[in-house]
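This is input08.cif (mmCIF, C-alpha atoms).
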data_structure
#
loop_
_atom_site.group_PDB
_atom_site.id
_atom_site.type_symbol
_atom_site.label_atom_id
_atom_site.label_comp_id
_atom_site.auth_asym_id
_atom_site.auth_seq_id
_atom_site.Cartn_x
_atom_site.Cartn_y
_atom_site.Cartn_z
ATOM 1 C CA MET A 163 -68.700 -112.995 34.480
ATOM 2 C CA THR A 164 -68.218 -115.419 37.377
ATOM 3 C CA THR A 165 -70.088 -115.233 40.678
ATOM 4 C CA PHE A 166 -66.863 -114.084 42.342
ATOM 5 C CA GLU A 167 -66.384 -111.255 39.837
ATOM 6 C CA SER A 168 -70.030 -110.215 40.195
ATOM 7 C CA THR A 169 -69.627 -110.108 43.978
ATOM 8 C CA ILE A 170 -66.559 -107.877 43.847
ATOM 9 C CA GLU A 171 -68.079 -105.534 41.257
ATOM 10 C CA ALA A 172 -71.271 -105.264 43.356
ATOM 11 C CA LEU A 173 -69.156 -104.370 46.402
ATOM 12 C CA GLU A 174 -67.410 -101.667 44.365
ATOM 13 C CA HIS A 175 -70.734 -100.126 43.372
ATOM 14 C CA ARG A 176 -71.955 -100.339 46.975
ATOM 15 C CA TRP A 177 -68.799 -98.537 48.158
ATOM 16 C CA MET A 178 -69.192 -95.790 45.554
ATOM 17 C CA ARG A 179 -72.908 -95.304 46.307
ATOM 18 C CA ALA A 180 -72.096 -95.050 50.020
ATOM 19 C CA TRP A 181 -69.519 -92.359 49.208
ATOM 20 C CA ILE A 182 -71.997 -90.411 47.063
ATOM 21 C CA GLN A 183 -74.637 -90.650 49.805
ATOM 22 C CA ARG A 184 -72.064 -89.763 52.498
ATOM 23 C CA ASP A 185 -73.003 -93.007 54.249
ATOM 24 C CA ARG A 186 -70.176 -93.234 56.741
ATOM 25 C CA LYS A 187 -71.708 -96.256 58.492
ATOM 26 C CA THR A 188 -71.654 -98.385 55.321
ATOM 27 C CA MET A 189 -68.137 -97.286 54.345
ATOM 28 C CA LYS A 190 -66.889 -98.003 57.870
ATOM 29 C CA ALA A 191 -68.414 -101.497 57.758
ATOM 30 C CA MET A 192 -66.855 -102.180 54.344
ATOM 31 C CA ALA A 193 -63.381 -100.779 55.074
ATOM 32 C CA GLY A 194 -60.790 -102.990 56.682
ATOM 33 C CA ARG A 195 -59.209 -101.773 59.923
ATOM 34 C CA ASP A 196 -55.962 -101.021 58.074
ATOM 35 C CA PHE A 197 -57.662 -99.357 55.082
ATOM 36 C CA ILE A 198 -55.692 -96.681 53.245
ATOM 37 C CA PHE A 199 -56.522 -94.358 50.367
ATOM 38 C CA LEU A 200 -53.414 -93.716 48.265
ATOM 39 C CA LEU A 201 -53.336 -90.875 45.757
ATOM 40 C CA GLY A 202 -50.698 -91.723 43.182
ATOM 41 C CA SER A 203 -49.164 -88.551 41.779
ATOM 42 C CA ASP A 204 -45.822 -86.733 41.653
ATOM 43 C CA ARG A 205 -46.324 -86.096 45.348
ATOM 44 C CA ALA A 206 -48.264 -89.099 46.623
ATOM 45 C CA ALA A 207 -50.639 -88.662 49.560
ATOM 46 C CA ILE A 208 -52.243 -91.184 51.904
ATOM 47 C CA LEU A 209 -55.370 -91.107 54.024
ATOM 48 C CA ASP A 210 -55.799 -93.716 56.743
ATOM 49 C CA ARG A 211 -59.213 -95.194 57.526
ATOM 50 C CA ALA A 212 -60.297 -92.534 60.035
ATOM 51 C CA SER A 213 -59.115 -89.688 57.776
ATOM 52 C CA TRP A 214 -60.889 -91.195 54.743
ATOM 53 C CA LEU A 215 -64.163 -91.683 56.594
ATOM 54 C CA GLU A 216 -64.106 -88.082 57.792
ATOM 55 C CA ALA A 217 -63.050 -86.595 54.439
ATOM 56 C CA ALA A 218 -65.495 -88.682 52.371
ATOM 57 C CA GLY A 219 -68.414 -87.115 54.184
ATOM 58 C CA THR A 220 -67.206 -83.536 54.489
ATOM 59 C CA ARG A 221 -64.317 -82.405 52.277
ATOM 60 C CA LEU A 222 -63.827 -85.008 49.511
ATOM 61 C CA LEU A 223 -67.278 -85.468 48.006
ATOM 62 C CA CYS A 224 -68.266 -87.688 45.092
ATOM 63 C CA ASP A 225 -71.250 -86.625 42.974
ATOM 64 C CA SER A 226 -71.169 -89.340 40.284
ATOM 65 C CA TYR A 227 -68.976 -92.036 38.785
ATOM 66 C CA ARG A 228 -68.843 -94.496 35.919
ATOM 67 C CA PHE A 229 -66.569 -97.516 35.669
ATOM 68 C CA GLY A 230 -64.857 -98.333 32.392
ATOM 69 C CA SER A 231 -63.606 -101.813 31.519
ATOM 70 C CA VAL A 232 -63.197 -103.776 34.729
ATOM 71 C CA TYR A 233 -60.346 -106.133 35.659
ATOM 72 C CA ILE A 234 -60.907 -108.484 38.606
ATOM 73 C CA ARG A 235 -58.541 -111.169 39.818
ATOM 74 C CA ARG A 236 -58.582 -113.459 42.824
ATOM 75 C CA HIS A 237 -55.520 -114.462 44.844
ATOM 76 C CA GLY A 238 -56.933 -116.785 47.514
ATOM 77 C CA GLY A 239 -58.612 -114.525 50.067
ATOM 78 C CA ILE A 240 -57.486 -111.362 48.239
ATOM 79 C CA ALA A 241 -59.253 -109.738 45.290
ATOM 80 C CA VAL A 242 -57.836 -107.100 42.963
ATOM 81 C CA PHE A 243 -60.250 -104.740 41.231
ATOM 82 C CA ALA A 244 -58.963 -102.264 38.648
ATOM 83 C CA THR A 245 -60.714 -99.929 36.246
ATOM 84 C CA GLY A 246 -60.627 -96.577 34.584
ATOM 85 C CA MET A 247 -63.278 -94.459 36.259
ATOM 86 C CA THR A 248 -64.913 -91.223 35.186
ATOM 87 C CA ILE A 249 -65.692 -89.247 38.318
ATOM 88 C CA GLU A 250 -67.325 -85.983 39.276
ATOM 89 C CA ALA A 251 -66.120 -84.977 42.708
ATOM 90 C CA ARG A 252 -65.220 -81.980 44.830
ATOM 91 C CA ILE A 253 -62.381 -81.393 47.235
ATOM 92 C CA ASP A 254 -63.028 -78.534 49.649
ATOM 93 C CA GLY A 255 -65.718 -77.304 47.239
ATOM 94 C CA GLU A 256 -63.404 -77.211 44.197
ATOM 95 C CA PRO A 257 -64.260 -79.442 41.208
ATOM 96 C CA LEU A 258 -62.147 -82.558 40.884
ATOM 97 C CA SER A 259 -63.519 -84.326 37.844
ATOM 98 C CA GLY A 260 -62.257 -86.427 34.982
ATOM 99 C CA THR A 261 -60.855 -89.867 34.377
ATOM 100 C CA VAL A 262 -58.813 -91.677 36.999
ATOM 101 C CA TRP A 263 -57.398 -95.158 37.303
ATOM 102 C CA ILE A 264 -58.288 -97.064 40.475
ATOM 103 C CA VAL A 265 -56.871 -100.258 41.908
ATOM 104 C CA ASP A 266 -58.630 -101.701 44.948
ATOM 105 C CA LEU A 267 -57.529 -104.569 47.162
ATOM 106 C CA TRP A 268 -60.242 -106.545 48.925
ATOM 107 C CA LYS A 269 -59.647 -109.189 51.589
ATOM 108 C CA LYS A 270 -62.064 -111.830 52.791
ATOM 109 C CA SER A 271 -62.203 -111.977 56.584
ATOM 110 C CA ARG A 272 -61.526 -115.339 58.166
ATOM 111 C CA LEU A 273 -64.172 -115.160 60.860
ATOM 112 C CA ARG A 274 -67.286 -113.786 59.131
ATOM 113 C CA ARG A 275 -66.124 -114.513 55.566
ATOM 114 C CA ARG A 276 -67.006 -110.991 54.385
ATOM 115 C CA TRP A 277 -64.994 -108.919 51.932
ATOM 116 C CA HIS A 278 -63.380 -105.712 53.250
ATOM 117 C CA LEU A 279 -61.662 -102.994 51.247
ATOM 118 C CA LEU A 280 -58.015 -102.764 52.326
ATOM 119 C CA GLU A 281 -56.597 -100.231 49.922
ATOM 120 C CA ARG A 282 -57.714 -97.901 47.146
ATOM 121 C CA THR A 283 -55.057 -96.426 44.887
ATOM 122 C CA VAL A 284 -56.164 -93.581 42.610
ATOM 123 C CA SER A 285 -54.036 -92.034 39.867
ATOM 124 C CA ARG A 286 -54.434 -90.194 36.581
ATOM 125 C CA PRO A 287 -54.024 -92.365 33.471
ATOM 126 C CA ASP A 288 -50.886 -91.970 31.389
ATOM 127 C CA THR A 289 -51.706 -90.256 28.076
ATOM 128 C CA ASP A 290 -48.736 -91.614 26.111
ATOM 129 C CA ALA A 291 -50.515 -93.694 23.453
ATOM 130 C CA ARG A 292 -47.306 -95.602 22.655
ATOM 131 C CA LEU A 293 -46.949 -97.128 26.126
ATOM 132 C CA PRO A 294 -49.710 -99.811 26.024
ATOM 133 C CA GLY A 295 -48.479 -101.124 22.671
ATOM 134 C CA ALA A 296 -44.900 -101.233 23.892
ATOM 135 C CA VAL A 297 -45.920 -103.222 26.972
ATOM 136 C CA ARG A 298 -48.106 -105.586 24.908
ATOM 137 C CA ALA A 299 -45.122 -106.253 22.643
ATOM 138 C CA MET A 300 -43.297 -107.668 25.675
ATOM 139 C CA GLN A 301 -45.987 -110.304 26.366
ATOM 140 C CA LEU A 302 -44.429 -113.754 26.080
ATOM 141 C CA TRP A 303 -47.746 -115.559 25.590
ATOM 142 C CA ARG A 304 -48.547 -113.863 22.282
#

Please express what this file holds, its structure, as structure tokens.
Amino acid sequence: MTTFESTIEALEHRWMRAWIQRDRKTMKAMAGRDFIFLLGSDRAAILDRASWLEAAGTRLLCDSYRFGSVYIRRHGGIAVFATGMTIEARIDGEPLSGTVWIVDLWKKSRLRRRWHLLERTVSRPDTDARLPGAVRAMQLWR
């Protein structure tokens, strides 16, 4: 793992620990001004930065998480982090647990050169076992 990849993965763990601990100050410092949380589902839903910060400490609570295989890629000052994540959470007191797929976009600020989370997309993984093989069969580099 490169230093860059280690940095991004460490930021991801810091973000998740802040959520578990309801540490609004840390999440606010890590979130970009235009941060959004996007729930990918049949009826997608978005939380802006202020809504996320409020919900993450009161109504959308994370109790534990575990990352699966991690994918990290750099595009200049942008980093993409993607993984399957097992999560134990609650929304308005109701259990919301299982496996989700997350894709996070991080951007390095120009002034202080710190990484900020711009967007988190969360969705349920597709269970059609044929789909990954079909997509792999389209890879031209094989």

Can you translate the PyMOL selection byres ((chain A and resi 258-273) around 6) into the concrete residues it hits in this file, as a list in words?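 Going through the file, the PyMOL selection byres ((chain A and resi 258-273) around 6) ends up selecting Gly239, Ile240, Ala241, Val242, Phe243, Ala244, Thr245, Gly246, Met247, Thr248, Ile249, Glu250, Ala251, Arg252, Pro257, Arg274, Arg275, Arg276, Trp277, His278, Leu279, Leu280, Glu281, Arg282, Thr283, Val284, Ser285, Arg286 and Pro287 of chain A.
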
Using C-alpha atoms, can you write the selected residues to a file as a short mmCIF file (atom, residue, chain, number, x, y, z; two decimals), in the frame of the given file?
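Ended up saving to result-v6.cif:
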data_model
loop_
_atom_site.label_atom_id
_atom_site.label_comp_id
_atom_site.auth_asym_id
_atom_site.auth_seq_id
_atom_site.Cartn_x
_atom_site.Cartn_y
_atom_site.Cartn_z
CA GLY A 239 -58.61 -114.52 50.07
CA ILE A 240 -57.49 -111.36 48.24
CA ALA A 241 -59.25 -109.74 45.29
CA VAL A 242 -57.84 -107.10 42.96
CA PHE A 243 -60.25 -104.74 41.23
CA ALA A 244 -58.96 -102.26 38.65
CA THR A 245 -60.71 -99.93 36.25
CA GLY A 246 -60.63 -96.58 34.58
CA MET A 247 -63.28 -94.46 36.26
CA THR A 248 -64.91 -91.22 35.19
CA ILE A 249 -65.69 -89.25 38.32
CA GLU A 250 -67.32 -85.98 39.28
CA ALA A 251 -66.12 -84.98 42.71
CA ARG A 252 -65.22 -81.98 44.83
CA PRO A 257 -64.26 -79.44 41.21
CA ARG A 274 -67.29 -113.79 59.13
CA ARG A 275 -66.12 -114.51 55.57
CA ARG A 276 -67.01 -110.99 54.38
CA TRP A 277 -64.99 -108.92 51.93
CA HIS A 278 -63.38 -105.71 53.25
CA LEU A 279 -61.66 -102.99 51.25
CA LEU A 280 -58.02 -102.76 52.33
CA GLU A 281 -56.60 -100.23 49.92
CA ARG A 282 -57.71 -97.90 47.15
CA THR A 283 -55.06 -96.43 44.89
CA VAL A 284 -56.16 -93.58 42.61
CA SER A 285 -54.04 -92.03 39.87
CA ARG A 286 -54.43 -90.19 36.58
CA PRO A 287 -54.02 -92.36 33.47
#

For atom CA of A:Phe199 and atom CA of A:Glu216, determine how far apart the two atoms are, in Å to one decimal place.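 Distance reported for this atom pair: 12.3 Å.
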
Could you tell me which residues the PyMOL selection byres ((chain A and resi 223-227) around 9) grabs in this file, written as a compact mmCIF listing (two decimals) with C-alpha atoms, in the coordinates of the input?
# COMPACT_ATOMS: atom_id res chain seq x y z
CA MET A 178 -69.19 -95.79 45.55
CA ARG A 179 -72.91 -95.30 46.31
CA TRP A 181 -69.52 -92.36 49.21
CA ILE A 182 -72.00 -90.41 47.06
CA GLN A 183 -74.64 -90.65 49.80
CA ARG A 184 -72.06 -89.76 52.50
CA ALA A 217 -63.05 -86.60 54.44
CA ALA A 218 -65.50 -88.68 52.37
CA GLY A 219 -68.41 -87.12 54.18
CA THR A 220 -67.21 -83.54 54.49
CA ARG A 221 -64.32 -82.40 52.28
CA LEU A 222 -63.83 -85.01 49.51
CA ARG A 228 -68.84 -94.50 35.92
CA PHE A 229 -66.57 -97.52 35.67
CA MET A 247 -63.28 -94.46 36.26
CA THR A 248 -64.91 -91.22 35.19
CA ILE A 249 -65.69 -89.25 38.32
CA GLU A 250 -67.32 -85.98 39.28
CA ALA A 251 -66.12 -84.98 42.71
CA ARG A 252 -65.22 -81.98 44.83
CA ILE A 253 -62.38 -81.39 47.24
CA ASP A 254 -63.03 -78.53 49.65
CA GLY A 255 -65.72 -77.30 47.24

Hey, can you check how far atom CA of A:Trp214 sits from atom CA of A:Ile198?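 Taking atom CA of A:Trp214 as the start and atom CA of A:Ile198 as the end point, the length is 7.7 Å.
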
So how many Å separate atom CA of A:Arg211 and atom CA of A:Met189, to one decimal?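 For atom CA of A:Arg211 relative to atom CA of A:Met189, the distance reads 9.7 Å.
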
Point out the residue among A:Ala207, A:Ala296, A:Leu215, A:Ala172 with the least atom-to-atom distance to A:Gly194, counting only C-alpha atoms. A:Leu215

Quick one: of A:Ala193, A:Leu201, A:Ala212, A:Met163, who's nearest to A:Arg235, counting all atoms listed in the file? A:Met163

Which residues of stretch 212-267 of chain A come within 9 Å of stretch 165-169 of chain A, and for each one, what is the closest pair of atoms and their distance in Å to one decimal, counting only C-alpha atoms, sorted by chain and residue number, as CSV?
residue,atom,partner,partner_atom,distance
A:Tyr233,CA,A:Glu167,CA,9.0
A:Ile234,CA,A:Glu167,CA,6.3
A:Arg235,CA,A:Glu167,CA,7.8
A:Arg236,CA,A:Phe166,CA,8.3

Can you report as lines of an AutoDock Vina configuration file the centre and edge lengths in Å, to one decimal, of an axis-aligned box around the listed atoms of stretch 167-178 of chain A padded with 5 Å on each side?
center_x = -69.2
center_y = -103.5
center_z = 44.0
size_x = 15.6
size_y = 25.5
size_z = 18.3
